[in-house]
Every structure is written in structure tokens, then in C-alpha cells.
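J.: This is the content of entry_34.csv (CSV, C-alpha atoms):
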```
chain,number,residue,atom,x,y,z
B,1,MET,CA,40.2,-82.2,0.8
B,2,GLN,CA,42.9,-81.2,3.2
B,3,LEU,CA,45.5,-82.9,1.0
B,4,LEU,CA,44.2,-80.9,-2.1
B,5,LYS,CA,44.3,-77.7,-0.1
B,6,ASP,CA,47.9,-78.4,0.9
B,7,ILE,CA,48.8,-79.1,-2.8
B,8,LEU,CA,47.1,-75.9,-3.9
B,9,PHE,CA,48.9,-73.8,-1.3
B,10,SER,CA,52.2,-75.4,-2.1
B,11,ARG,CA,51.7,-74.6,-5.8
B,12,ALA,CA,50.8,-71.0,-5.0
B,13,GLN,CA,53.9,-70.6,-2.8
B,14,ASP,CA,56.1,-72.1,-5.5
B,15,LEU,CA,54.7,-69.4,-7.9
B,16,GLY,CA,55.5,-66.6,-5.5
B,17,ALA,CA,52.5,-66.3,-3.1
B,18,ASN,CA,53.2,-65.1,0.4
B,19,LEU,CA,49.8,-65.9,1.9
B,20,CYS,CA,46.9,-68.3,1.1
B,21,GLY,CA,43.6,-69.0,2.7
B,22,VAL,CA,40.2,-70.5,2.0
B,23,ALA,CA,36.9,-68.7,2.6
B,24,ASP,CA,33.6,-70.4,3.2
B,25,LEU,CA,31.1,-68.4,1.1
B,26,THR,CA,28.0,-70.4,1.8
B,27,ALA,CA,26.6,-68.0,4.5
B,28,ASP,CA,26.9,-65.1,2.1
B,29,THR,CA,25.4,-66.7,-1.1
B,30,GLN,CA,22.5,-64.3,-1.3
B,31,TRP,CA,24.7,-61.2,-0.8
B,32,ILE,CA,27.1,-62.4,-3.5
B,33,ARG,CA,24.2,-63.1,-5.9
B,34,GLU,CA,22.8,-59.6,-5.4
B,35,ASN,CA,26.2,-57.9,-5.9
B,36,TYR,CA,28.1,-60.2,-8.3
B,37,GLY,CA,25.5,-62.4,-10.0
B,38,GLU,CA,24.5,-66.0,-10.2
B,39,LEU,CA,27.8,-67.3,-11.5
B,40,CYS,CA,29.8,-66.1,-8.5
B,41,ALA,CA,27.1,-67.2,-6.1
B,42,SER,CA,27.3,-70.7,-7.4
B,43,PHE,CA,30.7,-71.3,-5.8
B,44,PRO,CA,30.8,-72.3,-2.1
B,45,ARG,CA,34.5,-71.6,-1.6
B,46,ALA,CA,37.1,-68.9,-2.5
B,47,ILE,CA,40.8,-69.4,-2.4
B,48,SER,CA,42.5,-66.1,-1.5
B,49,VAL,CA,46.1,-65.5,-2.5
B,50,SER,CA,48.3,-62.6,-1.5
B,51,ILE,CA,51.8,-61.2,-2.5
B,52,PHE,CA,53.4,-58.6,-0.3
B,53,PHE,CA,54.3,-55.2,-1.8
B,54,PRO,CA,57.9,-54.0,-1.3
B,55,LYS,CA,57.4,-52.0,1.9
B,56,GLU,CA,60.0,-49.3,1.1
B,57,ILE,CA,58.3,-48.5,-2.2
B,58,ILE,CA,55.0,-48.0,-0.4
B,59,MET,CA,56.5,-45.9,2.4
B,60,GLU,CA,58.0,-43.6,-0.3
B,61,GLN,CA,54.4,-42.6,-1.4
B,62,ALA,CA,54.0,-40.7,1.9
B,63,VAL,CA,56.3,-38.1,0.4
B,64,GLY,CA,55.1,-38.1,-3.2
B,65,PRO,CA,54.2,-40.5,-6.0
B,66,THR,CA,56.8,-42.6,-7.8
B,67,ARG,CA,56.8,-44.6,-10.9
B,68,SER,CA,58.3,-47.6,-9.0
B,69,TYR,CA,55.0,-48.0,-7.2
B,70,SER,CA,53.0,-48.2,-10.4
B,71,TYR,CA,55.5,-50.6,-12.0
B,72,PHE,CA,55.4,-53.1,-9.2
B,73,TYR,CA,51.7,-52.7,-8.8
B,74,ALA,CA,51.3,-54.0,-12.3
B,75,ALA,CA,54.1,-56.6,-11.9
B,76,ILE,CA,52.5,-58.1,-8.8
B,77,ASN,CA,49.1,-58.1,-10.5
B,78,ARG,CA,50.5,-60.2,-13.4
B,79,GLN,CA,52.1,-62.6,-11.0
B,80,LEU,CA,48.9,-63.0,-9.0
B,81,ASP,CA,46.9,-63.6,-12.2
B,82,ALA,CA,49.4,-66.3,-13.2
B,83,ILE,CA,49.0,-68.0,-9.8
B,84,GLY,CA,45.2,-67.8,-10.1
B,85,LEU,CA,45.3,-69.4,-13.6
B,86,GLY,CA,47.6,-72.1,-12.3
B,87,LEU,CA,45.5,-73.0,-9.3
B,88,SER,CA,42.3,-73.0,-11.5
B,89,ASN,CA,43.9,-75.4,-14.0
B,90,LEU,CA,44.9,-77.7,-11.2
B,91,LEU,CA,41.4,-77.7,-9.8
B,92,GLN,CA,39.9,-78.4,-13.2
B,93,GLN,CA,42.3,-81.3,-13.6
B,94,LYS,CA,41.0,-82.7,-10.3
B,95,GLY,CA,37.4,-82.5,-11.7
B,96,PHE,CA,36.3,-79.3,-9.9
B,97,ARG,CA,34.9,-76.0,-11.2
B,98,ALA,CA,37.2,-73.0,-10.8
B,99,TYR,CA,36.9,-69.4,-11.8
B,100,PRO,CA,40.0,-67.2,-11.4
B,101,VAL,CA,38.9,-63.6,-10.8
B,102,PRO,CA,41.2,-61.0,-12.5
B,103,THR,CA,43.3,-59.2,-10.0
B,104,SER,CA,42.3,-55.8,-11.3
B,105,ASP,CA,39.2,-55.3,-13.4
B,106,TYR,CA,35.9,-53.6,-13.2
B,107,ARG,CA,32.5,-55.3,-13.2
B,108,GLN,CA,30.4,-55.1,-16.3
B,109,SER,CA,27.3,-52.9,-15.8
B,110,ARG,CA,25.2,-55.7,-17.3
B,111,LEU,CA,25.5,-58.9,-19.4
B,112,PHE,CA,24.9,-59.1,-23.1
B,113,PRO,CA,23.3,-62.5,-23.9
B,114,GLY,CA,23.7,-63.4,-27.6
B,115,LEU,CA,25.8,-60.3,-28.4
B,116,GLN,CA,28.2,-62.3,-30.6
B,117,GLU,CA,25.3,-63.4,-32.8
B,118,GLN,CA,23.8,-59.9,-32.9
B,119,VAL,CA,27.1,-58.3,-34.0
B,120,ALA,CA,27.7,-61.0,-36.6
B,121,ALA,CA,24.2,-60.6,-38.1
B,122,HIS,CA,23.8,-56.8,-37.9
B,123,GLY,CA,27.1,-55.2,-37.2
B,124,PRO,CA,27.8,-52.8,-34.3
B,125,ASP,CA,25.4,-49.9,-35.3
B,126,GLY,CA,22.6,-49.4,-32.9
B,127,LEU,CA,23.8,-51.9,-30.3
B,128,PRO,CA,24.4,-50.8,-26.7
B,129,LYS,CA,28.0,-50.2,-25.8
B,130,SER,CA,29.5,-52.2,-22.9
B,131,GLN,CA,30.2,-50.2,-19.8
B,132,THR,CA,31.8,-50.9,-16.4
B,133,GLU,CA,31.2,-49.7,-12.9
B,134,LEU,CA,33.5,-48.5,-10.1
B,135,MET,CA,33.3,-52.0,-8.6
B,136,GLY,CA,35.5,-55.0,-9.0
B,137,MET,CA,34.3,-58.2,-10.7
B,138,PHE,CA,34.4,-59.9,-7.2
B,139,SER,CA,35.7,-58.4,-4.0
B,140,HIS,CA,39.2,-59.8,-3.3
B,141,ARG,CA,39.1,-58.1,0.1
B,142,PHE,CA,35.8,-59.8,1.0
B,143,ALA,CA,37.3,-63.2,0.1
B,144,ALA,CA,40.6,-62.5,1.9
B,145,SER,CA,39.0,-61.3,5.1
B,146,HIS,CA,36.8,-64.5,5.2
B,147,ALA,CA,39.9,-66.6,4.5
B,148,GLY,CA,41.8,-65.2,7.5
B,149,LEU,CA,44.4,-63.2,5.6
B,150,GLY,CA,43.4,-60.0,7.5
B,151,TRP,CA,40.5,-57.7,8.3
B,152,ILE,CA,39.0,-54.9,6.3
B,153,GLY,CA,40.2,-51.6,7.7
B,154,LYS,CA,38.7,-48.1,7.7
B,155,SER,CA,40.5,-47.4,4.4
B,156,CYS,CA,38.5,-50.4,2.9
B,157,HIS,CA,41.9,-52.1,2.3
B,158,LEU,CA,42.6,-55.5,3.8
B,159,ILE,CA,44.9,-55.1,6.8
B,160,ASN,CA,47.3,-58.0,7.5
B,161,PRO,CA,49.0,-58.2,10.9
B,162,GLN,CA,52.4,-58.7,9.3
B,163,VAL,CA,52.4,-56.1,6.5
B,164,GLY,CA,49.3,-54.0,7.1
B,165,PRO,CA,47.7,-53.0,3.8
B,166,ARG,CA,50.9,-53.4,1.8
B,167,LEU,CA,49.9,-56.4,-0.3
B,168,ARG,CA,47.9,-57.3,-3.4
B,169,LEU,CA,45.2,-60.0,-3.6
B,170,THR,CA,43.6,-62.4,-6.1
B,171,THR,CA,40.8,-64.9,-5.8
B,172,ILE,CA,39.9,-68.3,-7.2
B,173,LEU,CA,36.2,-69.3,-6.8
B,174,THR,CA,35.6,-73.0,-6.7
B,175,ASP,CA,33.2,-75.8,-5.8
B,176,ALA,CA,35.9,-77.9,-4.2
B,177,LEU,CA,34.8,-78.0,-0.6
B,178,LEU,CA,38.3,-77.2,0.8
B,179,PRO,CA,38.5,-76.8,4.6
B,180,PRO,CA,38.0,-73.1,5.3
B,181,ASP,CA,40.2,-70.9,7.4
B,182,GLN,CA,39.0,-68.6,10.2
B,183,PRO,CA,38.6,-64.9,9.9
B,184,LEU,CA,40.6,-62.5,12.1
B,185,PRO,CA,39.1,-59.9,14.4
B,186,ASN,CA,39.2,-56.3,13.4
B,187,ARG,CA,42.2,-54.6,15.1
B,188,CYS,CA,42.0,-51.0,13.8
B,189,GLY,CA,40.6,-49.7,17.1
B,190,GLY,CA,40.5,-45.9,17.3
B,191,CYS,CA,43.3,-45.4,14.7
B,192,THR,CA,42.4,-42.9,11.9
B,193,ARG,CA,45.8,-42.5,10.2
B,194,CYS,CA,44.5,-43.6,6.8
B,195,ARG,CA,41.7,-41.1,7.1
B,196,ASP,CA,44.0,-38.3,8.0
B,197,ALA,CA,46.5,-39.1,5.2
B,198,CYS,CA,43.9,-39.0,2.4
B,199,PRO,CA,44.4,-35.8,0.3
B,200,VAL,CA,40.7,-35.6,-0.8
B,201,HIS,CA,39.1,-36.9,2.5
B,202,ALA,CA,37.6,-39.9,0.7
B,203,ILE,CA,38.1,-42.1,3.8
B,204,HIS,CA,35.6,-41.3,6.5
B,205,GLY,CA,37.3,-43.1,9.4
B,206,VAL,CA,34.3,-45.4,10.1
B,207,PRO,CA,35.1,-49.0,11.2
B,208,PHE,CA,34.1,-51.7,8.8
B,209,SER,CA,30.7,-53.3,9.3
B,210,PRO,CA,29.2,-55.8,6.8
B,211,ASP,CA,25.8,-54.3,7.4
B,212,ASP,CA,26.8,-50.8,6.3
B,213,PRO,CA,27.1,-49.8,2.6
B,214,PRO,CA,30.7,-49.0,1.5
B,215,SER,CA,29.6,-45.4,1.1
B,216,GLU,CA,29.5,-45.1,4.9
B,217,ARG,CA,33.3,-45.6,5.0
B,218,PHE,CA,34.6,-44.5,1.6
B,219,ASP,CA,33.8,-42.0,-1.2
B,220,LYS,CA,35.0,-44.0,-4.2
B,221,GLN,CA,34.0,-41.3,-6.7
B,222,ALA,CA,36.1,-38.7,-4.9
B,223,CYS,CA,39.1,-41.2,-4.9
B,224,PHE,CA,38.6,-42.1,-8.5
B,225,SER,CA,38.3,-38.5,-9.6
B,226,PHE,CA,41.5,-37.6,-7.7
B,227,LEU,CA,43.3,-40.5,-9.4
B,228,GLU,CA,42.1,-39.2,-12.8
B,229,ASP,CA,43.6,-35.8,-11.9
B,230,MET,CA,46.8,-37.5,-10.8
B,231,ALA,CA,47.0,-39.2,-14.1
B,232,THR,CA,46.7,-35.9,-15.9
B,233,VAL,CA,49.5,-34.3,-13.8
B,234,PHE,CA,51.8,-37.3,-13.0
B,235,GLY,CA,51.0,-39.5,-16.0
B,236,GLN,CA,49.7,-42.4,-13.8
B,237,HIS,CA,46.7,-43.2,-11.6
B,238,THR,CA,48.6,-43.4,-8.3
B,239,CYS,CA,48.5,-42.2,-4.7
B,240,ALA,CA,48.9,-44.9,-1.9
B,241,LYS,CA,49.2,-42.4,0.9
B,242,CYS,CA,46.7,-44.4,3.0
B,243,LEU,CA,48.8,-47.5,2.5
B,244,ALA,CA,51.9,-45.8,3.7
B,245,ALA,CA,50.1,-44.2,6.7
B,246,CYS,CA,48.9,-47.5,8.3
B,247,PRO,CA,50.9,-48.4,11.4
B,248,TRP,CA,50.3,-52.2,10.9
B,249,GLY,CA,53.4,-53.7,9.5
B,250,SER,CA,55.2,-50.4,9.1
B,251,ARG,CA,58.0,-51.4,11.4
B,252,SER,CA,58.2,-55.1,10.6
```
Would you mind writing the structure in this file as C-alpha cells?

T.:
Amino acid sequence: MQLLKDILFSRAQDLGANLCGVADLTADTQWIRENYGELCASFPRAISVSIFFPKEIIMEQAVGPTRSYSYFYAAINRQLDAIGLGLSNLLQQKGFRAYPVPTSDYRQSRLFPGLQEQVAAHGPDGLPKSQTELMGMFSHRFAASHAGLGWIGKSCHLINPQVGPRLRLTTILTDALLPPDQPLPNRCGGCTRCRDACPVHAIHGVPFSPDDPPSERFDKQACFSFLEDMATVFGQHTCAKCLAACPWGSRS
């Protein structure tokens, strides 16, 4: 399995990845089942892949929003999704199950078994409309922190020692029992720069603990509403002041 891991990481790097790691999910199966469903809980491993964001573009957001940030946010997402698809296909060719998690998408509020047949038989009238929640399909940060790519900071972003939170992530769930990597200790200490930088005070400055609900650390509705307001004024859902404020990686 170490050879397969090396092949996967080499393929990811050839496609533009900066960091890769493997997370052992077996100790968190029940938590994954409760939050993300039976399908995600059926995978014992997660491959976490990261691409670094151009630092100068992030640091510019401390002054004000730019369209460059939104452009490269989308471009990196597309590249990460291509890497996820490539690694998933490689795993399938080796006889393993693999599920590439979209880099940016919201979780469905519920599943619709047999919906195709219902729409075909009766049309759309009277059927419930699909909705999403302010929650990802699977937590890339959870996978990345377990895979040793960094730790979850007070902003709820993954913090990497080399670049801080200035990176994007994707995840491939798999049943290939790849050798897992070791998580890193939380190194945020008493720093509250992300909290102080948030325009709507959505970040509470509370250290990450897996036993606490995310609401203890972060008001996601306040952040989402602010991004909606930004889209009205600026034309795009953008801020990133907390990313620019983090001292980790800001001078590297």
C-alpha cells in the first residue's frame, strides 16, 4: 500500500498539488455517519490534497476585495477537482472504491430516493424542491487536519505551517488502506488576529476542539449574510480578511 500511496502522491504533484496526506477515518466513523451519511462513513481513508493560493493576492484582501482573488479561487478549485478525479480513476483502476468530494459544494438537506422515476411518471408538480445547507458535502478541513496538512485554527480554516490558511483543499474518500499520516498539533496559541480582522465578528476567537460544535467558534450565518451583502455591492461573494491576517506563512 505504500507503493500505491507514492504513486497517488506523485500523480497529484504532477497535476499541480503542493501537499498530499492520508487520513485514517476509522476512529470517526460514527461522527461521519451522523454528519455526512452512510456513504461517507463507509470509507476508512481520505486522501487530502492542497494547492497553495498566491500569497500576494491573499494579502491584498487586507486592504479591500479584488477580482483577482475570486478568479484564482475558482481556478484553483477547478484544478483540485481535476486532481480528485484523476486520483479517483487511478484507485478505481486498481480495484478500490473512491469518491472525489467536490472542492466547493453544499450538502443536500436530504436525499430523494426514486426521484427520477417520480418525475418521469408525474412531472415536477407537487414534488419537494431540493435544498442545500450551509455545510459542505464533506469537511475538507477535517480530512486535511487528520492527514497532517495542518491544524484547524480559530477561524475554522486549516492552518499549514508553511503558508498558513492561504491554500485550497480537496478530498478523495477511499477504501484503499493507505498508510495514514500523523496530525499536527494546534499552534495558534493565544493569537486572535483572524478574530480581530473579521468585519462582522463572525469569528469568536475560540480554539478548535472536536468536542465543541462549530457554532462555539464561528457564526456561519453572519459570515454568509455578509458575503451576500458583498455580492450585492462588489458583485462577488468575497472577503478573505481572516486569511490575510493570519501570521502563519505571512513572511515565508

J.: Nearest to Arg67 in chain B: which of B:Leu15, B:Ala240, B:Ala147, B:Val119 is it, counting all atoms listed in the file?

T.: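 Distance minimum relative to Arg67 in chain B lands on B:Ala240.
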
J.: Return the single residue from B:Phe218, B:Phe53, B:Tyr36, B:Trp151 that is closest to Ile76 in chain B, with distances computed using all atoms listed in the file.

T.: B:Phe53

J.: Any idea what's packed within 12 Å of Pro207 in chain B, counting all atoms listed in the file, ignoring anything in its chain fewer than 6 positions away? Could you give it as an NGL selection string?

T.: :B and (151-157 or 186-192 or 194-195 or 213-214 or 216-218)

J.: Suppose you want the space between CA of Phe224 in chain B and CA of Ile159 in chain B; what is it in Å?

T.: 21.0 Å

J.: Considering only C-alpha atoms, can you say which of B:Glu60, B:Thr174, B:His146, B:Gln131 comes closest to Asp28 in chain B?

T.: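 The closest residue to Asp28 in chain B is B:His146.
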
J.: Identify, on the basis of all atoms listed in the file, every residue whose closest approach to Ala98 in chain B does not exceed 8 Å; exclude the query and any residue fewer than 2 positions from it along the same chain; express the result as a ChimeraX atom specification.

T.: /B:88-89,91-92,96,100,172-175

J.: Between B:Leu25, B:Leu85, B:Leu149, B:Ile51, which has the minimum distance to Leu8 in chain B (counting only C-alpha atoms)?

T.: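 Between B:Leu25, B:Leu85, B:Leu149, B:Ile51, the residue approaching Leu8 in chain B most closely is B:Leu85.
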
J.: Tell me, in Å to one decimal, how far CA of Gly37 in chain B is from CA of Lys220 in chain B.

T.: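 Value for the CA of Gly37 in chain B-CA of Lys220 in chain B distance: 21.5 Å.
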
J.: Mind pulling up the distance from CA of Ser70 in chain B to CA of Thr238 in chain B?

T.: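 Going from CA of Thr238 in chain B over to CA of Ser70 in chain B, I get 6.8 Å.
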
J.: If we count all atoms listed in the file and set the cut-off at 12 Å, which residues sit around Lys241 in chain B, ignoring sequence neighbours fewer than 2 positions away in its own chain? Please answer as a PDB file with C-alpha atoms, keeping the file's coordinate frame.

T.:
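Wrote out_18.pdb, looks like this:
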```pdb
ATOM      1  CA  ILE B  57      58.300 -48.500  -2.200  1.00  0.00           C
ATOM      2  CA  ILE B  58      55.000 -48.000  -0.400  1.00  0.00           C
ATOM      3  CA  MET B  59      56.500 -45.900   2.400  1.00  0.00           C
ATOM      4  CA  GLU B  60      58.000 -43.600  -0.300  1.00  0.00           C
ATOM      5  CA  GLN B  61      54.400 -42.600  -1.400  1.00  0.00           C
ATOM      6  CA  ALA B  62      54.000 -40.700   1.900  1.00  0.00           C
ATOM      7  CA  VAL B  63      56.300 -38.100   0.400  1.00  0.00           C
ATOM      8  CA  GLY B  64      55.100 -38.100  -3.200  1.00  0.00           C
ATOM      9  CA  PRO B  65      54.200 -40.500  -6.000  1.00  0.00           C
ATOM     10  CA  THR B  66      56.800 -42.600  -7.800  1.00  0.00           C
ATOM     11  CA  TYR B  69      55.000 -48.000  -7.200  1.00  0.00           C
ATOM     12  CA  SER B 155      40.500 -47.400   4.400  1.00  0.00           C
ATOM     13  CA  PRO B 165      47.700 -53.000   3.800  1.00  0.00           C
ATOM     14  CA  ARG B 166      50.900 -53.400   1.800  1.00  0.00           C
ATOM     15  CA  ARG B 193      45.800 -42.500  10.200  1.00  0.00           C
ATOM     16  CA  CYS B 194      44.500 -43.600   6.800  1.00  0.00           C
ATOM     17  CA  ARG B 195      41.700 -41.100   7.100  1.00  0.00           C
ATOM     18  CA  ASP B 196      44.000 -38.300   8.000  1.00  0.00           C
ATOM     19  CA  ALA B 197      46.500 -39.100   5.200  1.00  0.00           C
ATOM     20  CA  CYS B 198      43.900 -39.000   2.400  1.00  0.00           C
ATOM     21  CA  PRO B 199      44.400 -35.800   0.300  1.00  0.00           C
ATOM     22  CA  VAL B 200      40.700 -35.600  -0.800  1.00  0.00           C
ATOM     23  CA  HIS B 201      39.100 -36.900   2.500  1.00  0.00           C
ATOM     24  CA  ALA B 202      37.600 -39.900   0.700  1.00  0.00           C
ATOM     25  CA  ILE B 203      38.100 -42.100   3.800  1.00  0.00           C
ATOM     26  CA  CYS B 223      39.100 -41.200  -4.900  1.00  0.00           C
ATOM     27  CA  THR B 238      48.600 -43.400  -8.300  1.00  0.00           C
ATOM     28  CA  CYS B 239      48.500 -42.200  -4.700  1.00  0.00           C
ATOM     29  CA  LEU B 243      48.800 -47.500   2.500  1.00  0.00           C
ATOM     30  CA  ALA B 244      51.900 -45.800   3.700  1.00  0.00           C
ATOM     31  CA  ALA B 245      50.100 -44.200   6.700  1.00  0.00           C
ATOM     32  CA  CYS B 246      48.900 -47.500   8.300  1.00  0.00           C
TER      33      CYS B 246
END
```

J.: Counting only C-alpha atoms, which residue out of B:Gln79, B:Gln236, B:Asn35, B:Gln2 sits closest to Gln108 in chain B?

T.: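 Result for the nearest residue to Gln108 in chain B: B:Asn35.
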
J.: Of the candidates B:Ser250, B:Gln13, B:Ser139, B:Gln221, which one gets nearest to Leu87 in chain B if we count all atoms listed in the file?

T.: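 Checking each candidate against Leu87 in chain B, we get B:Gln13 as the closest.
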